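Shown next: run.cif, given as mmCIF, C-alpha atoms.
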data_work
#
loop_
_atom_site.label_atom_id
_atom_site.label_comp_id
_atom_site.auth_asym_id
_atom_site.auth_seq_id
_atom_site.Cartn_x
_atom_site.Cartn_y
_atom_site.Cartn_z
CA MET A 1 0.00 0.00 0.00
CA ARG A 2 1.20 3.52 -0.74
CA GLY A 3 -0.24 6.73 0.65
CA GLU A 4 -0.28 10.34 -0.52
CA PHE A 5 -2.20 13.60 -0.38
CA VAL A 6 -4.37 15.01 -3.15
CA ASP A 7 -5.67 18.58 -3.18
CA VAL A 8 -9.46 18.58 -3.51
CA GLY A 9 -11.18 21.96 -3.49
CA GLY A 10 -8.40 23.63 -1.50
CA ALA A 11 -8.11 20.86 1.12
CA ARG A 12 -5.79 17.89 1.14
CA LEU A 13 -7.34 14.45 1.31
CA TYR A 14 -5.12 11.52 2.23
CA TYR A 15 -5.58 8.14 0.62
CA TYR A 16 -3.89 4.78 0.37
CA ALA A 17 -3.72 2.92 -2.91
CA ALA A 18 -2.84 -0.57 -4.03
CA GLY A 19 -2.80 -2.26 -7.39
CA THR A 20 -2.06 -0.84 -10.81
CA ARG A 21 -3.86 1.98 -12.57
CA GLY A 22 -6.20 0.53 -15.17
CA ALA A 23 -6.11 -2.94 -13.60
CA GLY A 24 -9.47 -4.56 -12.98
CA GLU A 25 -12.58 -3.04 -11.46
CA PRO A 26 -11.49 -0.35 -8.97
CA LEU A 27 -12.48 -0.68 -5.31
CA VAL A 28 -13.00 2.43 -3.18
CA LEU A 29 -13.22 1.96 0.60
CA LEU A 30 -15.00 4.65 2.65
CA HIS A 31 -14.71 4.63 6.45
CA GLY A 32 -17.31 5.64 9.02
CA LEU A 33 -17.82 8.55 11.40
CA PHE A 34 -14.84 9.44 13.62
CA THR A 35 -12.78 6.51 12.35
CA SER A 36 -10.25 6.55 9.50
CA SER A 37 -8.68 4.45 6.77
CA HIS A 38 -7.12 2.44 9.61
CA LEU A 39 -10.51 0.68 9.87
CA TRP A 40 -9.69 -1.12 6.61
CA SER A 41 -6.12 -2.23 7.49
CA GLY A 42 -7.02 -5.89 7.91
CA VAL A 43 -9.29 -5.89 4.86
CA ALA A 44 -6.53 -4.33 2.75
CA ALA A 45 -4.24 -7.21 3.69
CA CYS A 46 -6.60 -9.72 2.04
CA LEU A 47 -7.83 -7.72 -0.97
CA PRO A 48 -8.32 -9.75 -4.15
CA LEU A 49 -5.67 -9.44 -6.82
CA GLY A 50 -6.43 -7.61 -10.04
CA HIS A 51 -8.23 -4.62 -8.55
CA ARG A 52 -6.96 -1.09 -8.16
CA THR A 53 -7.92 -0.10 -4.61
CA VAL A 54 -8.29 3.34 -3.02
CA ILE A 55 -8.83 3.84 0.73
CA LEU A 56 -9.43 7.46 1.68
CA ASP A 57 -9.63 9.52 4.85
CA HIS A 58 -12.67 11.80 4.85
CA LEU A 59 -12.01 15.49 5.42
CA GLY A 60 -11.31 16.07 9.12
CA HIS A 61 -10.52 12.38 9.70
CA GLY A 62 -7.28 10.39 9.67
CA ARG A 63 -4.47 12.20 7.88
CA SER A 64 -6.71 14.41 5.76
CA ASP A 65 -6.79 18.12 6.51
CA PRO A 66 -9.03 19.57 9.22
CA PRO A 67 -12.09 21.21 7.63
CA SER A 68 -12.24 24.94 7.04
CA PRO A 69 -15.08 26.80 8.82
CA ASP A 70 -17.18 26.77 5.63
CA ALA A 71 -16.47 23.16 4.60
CA ALA A 72 -19.48 21.00 3.74
CA LEU A 73 -19.42 18.11 6.21
CA GLY A 74 -22.79 16.55 5.43
CA ILE A 75 -23.23 13.37 3.39
CA ALA A 76 -23.34 15.29 0.09
CA GLY A 77 -20.15 17.19 0.94
CA HIS A 78 -18.22 14.01 1.72
CA ALA A 79 -19.64 12.40 -1.43
CA ASP A 80 -18.61 15.31 -3.64
CA ARG A 81 -15.04 15.21 -2.28
CA ALA A 82 -14.82 11.45 -2.77
CA LEU A 83 -15.85 11.89 -6.41
CA ALA A 84 -13.38 14.75 -6.85
CA LEU A 85 -10.63 12.50 -5.53
CA LEU A 86 -11.60 9.77 -7.99
CA ASP A 87 -11.57 12.36 -10.78
CA ALA A 88 -8.06 13.37 -9.76
CA LEU A 89 -7.00 9.72 -9.86
CA GLY A 90 -8.62 9.09 -13.24
CA ILE A 91 -11.18 6.61 -11.88
CA ARG A 92 -14.47 6.92 -13.73
CA ARG A 93 -16.36 3.93 -12.26
CA ALA A 94 -15.75 1.87 -9.14
CA CYS A 95 -17.18 -0.57 -6.65
CA LEU A 96 -17.88 1.46 -3.52
CA VAL A 97 -17.42 -0.20 -0.14
CA GLY A 98 -18.70 1.93 2.74
CA HIS A 99 -18.88 1.50 6.51
CA GLY A 100 -21.36 3.49 8.61
CA LEU A 101 -21.11 7.10 7.45
CA GLY A 102 -19.10 5.86 4.46
CA ALA A 103 -21.99 3.59 3.49
CA GLU A 104 -24.34 6.57 3.40
CA VAL A 105 -21.79 8.46 1.29
CA ALA A 106 -21.69 5.47 -1.08
CA GLN A 107 -25.50 5.36 -1.26
CA ALA A 108 -25.62 9.08 -2.07
CA ILE A 109 -23.10 8.67 -4.88
CA ALA A 110 -25.00 5.69 -6.29
CA VAL A 111 -28.27 7.66 -6.35
CA ARG A 112 -26.90 10.96 -7.62
CA HIS A 113 -24.15 9.69 -9.91
CA PRO A 114 -25.17 6.16 -10.93
CA ALA A 115 -22.77 6.08 -13.87
CA ARG A 116 -19.85 6.28 -11.43
CA VAL A 117 -20.75 3.13 -9.47
CA THR A 118 -20.40 -0.52 -10.53
CA ARG A 119 -21.42 -2.17 -7.24
CA LEU A 120 -22.11 -1.32 -3.60
CA ALA A 121 -20.96 -3.06 -0.43
CA LEU A 122 -22.67 -1.50 2.58
CA ILE A 123 -20.98 -2.64 5.80
CA ASN A 124 -22.52 -2.02 9.25
CA ALA A 125 -24.83 0.34 7.41
CA ALA A 126 -28.20 2.00 7.80
CA PRO A 127 -30.34 3.70 5.14
CA LEU A 128 -29.39 7.09 3.76
CA GLY A 129 -30.45 9.69 6.34
CA ALA A 130 -29.89 7.51 9.42
CA GLU A 131 -26.62 9.28 10.18
CA ARG A 132 -28.64 12.43 10.81
CA ALA A 133 -30.52 10.80 13.68
CA LEU A 134 -27.31 9.29 15.09
CA ALA A 135 -25.52 12.65 14.98
CA ASP A 136 -28.46 14.33 16.68
CA ARG A 137 -28.34 11.79 19.53
CA LEU A 138 -24.58 12.24 19.87
CA LEU A 139 -24.95 16.02 19.91
CA ARG A 140 -27.43 15.85 22.77
CA ALA A 141 -25.29 13.34 24.66
CA LEU A 142 -21.87 14.89 24.11
CA ILE A 143 -22.62 18.59 23.80
CA PRO A 144 -24.78 20.01 26.62
CA SER A 145 -26.84 23.13 26.00
CA ALA A 146 -24.23 25.20 27.82
CA GLY A 147 -21.66 24.34 25.16
CA ALA A 148 -19.36 21.53 24.16
CA LEU A 149 -17.49 19.55 26.76
CA PRO A 150 -13.82 20.50 27.12
CA GLY A 151 -11.64 18.69 24.60
CA PRO A 152 -10.32 15.89 26.86
CA LEU A 153 -13.77 15.14 28.27
CA LEU A 154 -15.35 15.14 24.80
CA LEU A 155 -12.66 12.76 23.53
CA GLY A 156 -13.21 10.49 26.52
CA ALA A 157 -16.95 10.37 25.88
CA LEU A 158 -16.40 9.68 22.19
CA ARG A 159 -13.91 6.94 23.04
CA ARG A 160 -16.51 5.21 25.21
CA ARG A 161 -19.13 5.50 22.46
CA ILE A 162 -16.86 3.87 19.87
CA ALA A 163 -15.64 1.22 22.33
CA ALA A 164 -19.25 0.14 22.89
CA GLY A 165 -19.33 -0.93 19.24
CA TYR A 166 -16.49 -3.43 19.69
CA LEU A 167 -16.79 -6.92 21.12
CA ASP A 168 -13.01 -7.28 21.26
CA ALA A 169 -12.11 -4.59 23.81
CA ASP A 170 -8.34 -4.82 23.30
CA ARG A 171 -8.62 -4.51 19.53
CA GLY A 172 -11.05 -1.65 19.97
CA ALA A 173 -8.70 0.23 22.30
CA ARG A 174 -5.85 -0.02 19.81
CA ALA A 175 -8.01 1.08 16.90
CA ILE A 176 -9.56 3.98 18.80
CA ASP A 177 -6.07 5.35 19.47
CA HIS A 178 -5.67 5.63 15.68
CA TYR A 179 -9.18 6.94 15.03
CA LEU A 180 -9.10 9.75 17.58
CA ARG A 181 -5.55 10.98 16.97
CA PRO A 182 -6.60 13.90 14.71
CA PHE A 183 -9.24 14.98 17.22
CA ALA A 184 -6.73 15.23 20.07
CA THR A 185 -5.24 18.40 18.55
CA PRO A 186 -6.07 21.92 19.82
CA THR A 187 -8.71 22.25 17.06
CA GLY A 188 -9.97 18.67 17.29
CA ARG A 189 -12.85 19.50 19.63
CA ASP A 190 -14.17 22.05 17.13
CA VAL A 191 -13.93 19.51 14.29
CA ILE A 192 -15.99 16.97 16.27
CA VAL A 193 -18.67 19.55 17.01
CA ALA A 194 -18.75 20.86 13.42
CA GLN A 195 -19.04 17.34 11.99
CA LEU A 196 -21.89 16.37 14.31
CA LYS A 197 -23.78 19.60 13.68
CA ALA A 198 -23.41 19.22 9.90
CA LEU A 199 -24.82 15.70 10.00
CA ALA A 200 -27.61 16.58 12.43
CA ASP A 201 -28.70 19.40 10.08
CA ASP A 202 -28.32 17.26 6.94
CA GLU A 203 -31.46 17.24 4.80
CA LEU A 204 -30.38 14.74 2.16
CA THR A 205 -33.48 12.70 1.25
CA ASP A 206 -32.50 10.81 -1.90
CA ASP A 207 -34.53 7.67 -2.65
CA ILE A 208 -32.26 4.64 -2.42
CA ALA A 209 -34.85 2.60 -4.32
CA GLN A 210 -33.25 4.20 -7.39
CA ILE A 211 -30.08 2.17 -6.83
CA THR A 212 -29.84 -0.55 -9.46
CA VAL A 213 -26.25 -1.82 -9.20
CA PRO A 214 -25.44 -5.14 -7.47
CA THR A 215 -25.53 -4.43 -3.73
CA ILE A 216 -24.69 -6.37 -0.59
CA VAL A 217 -25.62 -5.27 2.93
CA ALA A 218 -23.42 -6.93 5.55
CA THR A 219 -23.32 -6.45 9.30
CA GLY A 220 -22.15 -8.06 12.52
CA ASP A 221 -24.59 -10.22 14.44
CA ALA A 222 -23.87 -8.17 17.58
CA ASP A 223 -23.87 -4.72 15.95
CA PRO A 224 -25.76 -2.44 18.37
CA VAL A 225 -26.24 0.24 15.69
CA ALA A 226 -26.75 -1.43 12.31
CA THR A 227 -28.41 -4.53 13.72
CA PRO A 228 -29.29 -7.51 11.50
CA ALA A 229 -32.87 -6.19 11.43
CA VAL A 230 -31.63 -2.80 10.23
CA ALA A 231 -29.57 -4.53 7.53
CA GLN A 232 -32.62 -6.49 6.36
CA ALA A 233 -34.70 -3.31 6.21
CA LEU A 234 -31.99 -1.48 4.25
CA ALA A 235 -31.61 -4.32 1.74
CA ALA A 236 -35.38 -4.44 1.26
CA ARG A 237 -35.30 -0.84 -0.01
CA ILE A 238 -32.62 -1.47 -2.66
CA PRO A 239 -33.74 -3.57 -5.64
CA GLY A 240 -31.92 -6.90 -5.78
CA ALA A 241 -29.78 -6.25 -2.69
CA THR A 242 -28.64 -9.25 -0.67
CA VAL A 243 -27.83 -9.53 3.04
CA ALA A 244 -24.78 -11.17 4.61
CA SER A 245 -23.68 -11.84 8.18
CA ILE A 246 -20.11 -11.00 9.18
CA GLY A 247 -20.43 -13.20 12.24
CA ALA A 248 -20.25 -12.52 15.97
CA VAL A 249 -18.77 -9.02 15.80
CA GLY A 250 -20.00 -5.53 16.63
CA HIS A 251 -20.25 -2.29 14.68
CA TYR A 252 -16.66 -2.20 13.46
CA ALA A 253 -16.66 -5.46 11.49
CA PRO A 254 -13.92 -4.46 9.00
CA ASP A 255 -11.52 -4.17 11.94
CA GLU A 256 -12.81 -7.02 14.12
CA SER A 257 -13.36 -9.53 11.30
CA PRO A 258 -11.53 -8.44 8.13
CA GLU A 259 -11.57 -11.92 6.58
CA HIS A 260 -15.35 -12.25 6.85
CA THR A 261 -15.79 -8.67 5.65
CA MET A 262 -13.62 -9.42 2.64
CA ARG A 263 -15.60 -12.60 1.98
CA ALA A 264 -18.78 -10.53 1.66
CA ILE A 265 -17.03 -8.14 -0.73
CA ARG A 266 -15.73 -11.08 -2.79
CA HIS A 267 -19.26 -12.47 -3.12
CA LEU A 268 -20.37 -9.09 -4.42
CA LEU A 269 -17.52 -8.96 -6.94
CA GLU A 270 -18.53 -12.38 -8.25
CA ARG A 271 -22.01 -11.17 -9.21
CA PRO A 272 -22.36 -10.32 -12.91
CA LEU A 273 -22.72 -6.69 -13.90
CA GLU A 274 -25.68 -5.56 -15.95
CA HIS A 275 -24.79 -3.62 -19.07
#
Produce structure tokens that represent the structure in this file.
Amino acid sequence: MRGEFVDVGGARLYYYAAGTRGAGEPLVLLHGLFTSSHLWSGVAACLPLGHRTVILDHLGHGRSDPPSPDAALGIAGHADRALALLDALGIRRACLVGHGLGAEVAQAIAVRHPARVTRLALINAAPLGAERALADRLLRALIPSAGALPGPLLLGALRRRIAAGYLDADRGARAIDHYLRPFATPTGRDVIVAQLKALADDELTDDIAQITVPTIVATGDADPVATPAVAQALAARIPGATVASIGAVGHYAPDESPEHTMRAIRHLLERPLEH
């Protein structure tokens, strides 16, 4: 894997890449809220050969730049930047693999720019718009009416929230250290607040029934957020979508069970494309 920065609309996005340009059907991996490309480390180690793969850090996450005060941090904003990155890399169509927030970004791209998407893998995902409700709950829990918690307390609360999504506590602790690193800076508290407010105010209402590409919805049996019932409901709204279990793991299946996550993606890649 090799990593580098690309300037997208005046901000630098960081991404990792593997494979050769022009080789096979590209795979684009999109992480979830307050995580980073580190989420996909284990999956990247067992990626199928013959595919160019891009794993990005959303703006404000991982190694990508912190957002400017006027940056669009809703689903559409993250989707537009992901497409701009693919434009910069010369990728016209790709299989999008999204986790959590990244899955909603992938759904938005598939609805608004269907010609850019070959397939969808939605991991630990809920329907487009669910992130708004989650962000609203987090805002009320983490940011009292008197103002945001001080940085260290806010980070501690966020750490506990993410940890609750892991069954393997030790693995979760190690991963959370990576995820929260950019938010431990002097401006990190403001980035957390800005991201949550942008998602809570998001009014994206695209109809995911318009998605026609091969789609798989996969989740952990013990996911407290995107439960198996949520996965079934999401798949029922997307024509032809199938559901897969990633086994006895929580909300961060790509980290806790990369082999089973990759198996679901492989099954998707084996499905024929409609022309």
Can you pull out the residues contacting A:Gly60? Cut-off 12 Å, using only C-alpha atoms, and skip same-chain residues under 2 positions away; I want them as number ranges by chain. A: 11-14, 33-36, 56-58, 62-69, 71-73, 78, 179-185, 187-196
Applying the PyMOL selection byres ((chain A and resi 203-215) around 6) to the file I just gave you, which residues come out? Please list them as a list of chain:residue names.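 Those residues are A:Val111, A:Arg119, A:Leu120, A:Ala121, A:Asp202, A:Ile216, A:Arg237, A:Ile238, A:Ala241.
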When the PyMOL selection byres ((chain A and resi 90-93) around 9) is applied to the structure above, which residues does it catch, written out as a short mmCIF file (atom, residue, chain, number, x, y, z; two decimals) with C-alpha atoms, in the coordinates of the input?
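In the end it all went to selection-v7.cif:
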data_model
loop_
_atom_site.label_atom_id
_atom_site.label_comp_id
_atom_site.auth_asym_id
_atom_site.auth_seq_id
_atom_site.Cartn_x
_atom_site.Cartn_y
_atom_site.Cartn_z
CA ARG A 21 -3.86 1.98 -12.57
CA GLY A 22 -6.20 0.53 -15.17
CA GLU A 25 -12.58 -3.04 -11.46
CA PRO A 26 -11.49 -0.35 -8.97
CA LEU A 83 -15.85 11.89 -6.41
CA LEU A 85 -10.63 12.50 -5.53
CA LEU A 86 -11.60 9.77 -7.99
CA ASP A 87 -11.57 12.36 -10.78
CA ALA A 88 -8.06 13.37 -9.76
CA LEU A 89 -7.00 9.72 -9.86
CA ALA A 94 -15.75 1.87 -9.14
CA CYS A 95 -17.18 -0.57 -6.65
CA ALA A 115 -22.77 6.08 -13.87
CA ARG A 116 -19.85 6.28 -11.43
CA VAL A 117 -20.75 3.13 -9.47
CA THR A 118 -20.40 -0.52 -10.53
#
Evaluating the PyMOL selection byres ((chain A and resi 245) around 8) on the displayed file yields which residues, as a list of chain:residue names?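 Expected selection for the PyMOL selection byres ((chain A and resi 245) around 8) here is A:Ala218, A:Thr219, A:Gly220, A:Asp221, A:Pro228, A:Val243, A:Ala244, A:Ile246, A:Gly247.
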Which one of A:Ala45, A:Ile109, A:Leu59, A:Ala173 sits closest to A:Gly10 if you count all atoms listed in the file?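 Closest residue, counting all atoms listed in the file: A:Leu59.
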Residue among A:Pro152, A:Pro48, A:Pro224, A:Gly32 lying closest to A:Glu104, counting all atoms listed in the file: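 Among A:Pro152, A:Pro48, A:Pro224, A:Gly32, it is A:Gly32 that comes nearest to A:Glu104.
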Report, in Å to a single decimal, how far apart atom CA of A:His31 and atom CA of A:Arg159 are.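 Taking atom CA of A:Arg159 as the start and atom CA of A:His31 as the end point, the length is 16.8 Å.
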Separation of atom CA of A:Gly24 from atom CA of A:Leu49, in Å and rounded to one decimal: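 Pair atom CA of A:Gly24 / atom CA of A:Leu49 returns 8.7 Å.
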Please provide as an MDAnalysis selection string all residues within 12 Å of A:His260, with the sequence filter that same-chain residues fewer than 2 positions apart are discarded (counting all atoms listed in the file). chainID A and resid 42:43 46:47 123 218:220 244:249 253:258 262:267
Around the point (-4.7, 3.5, -0.9) (coordinates from the file), which residues reach within 9 Å if we count all atoms listed in the file? Answer as a list in words. Met1, Arg2, Gly3, Glu4, Tyr14, Tyr15, Tyr16, Ala17, Ala18, Gly19, Val28, Leu29, Ser37, Ala44, Arg52, Thr53, Val54, Ile55 and Leu56 of chain A
Between atom CA of A:Ala106 and atom CA of A:Leu39, what is the distance, to one decimal in Å?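 These two atoms are separated by 16.4 Å.
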Restricting the calculation to only C-alpha atoms, which member of A:Pro127, A:Gly165, A:Gly156, A:Pro272 is positioned closest to A:Gln232?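 Going through A:Pro127, A:Gly165, A:Gly156, A:Pro272 one by one, the smallest distance to A:Gln232 is for A:Pro127.
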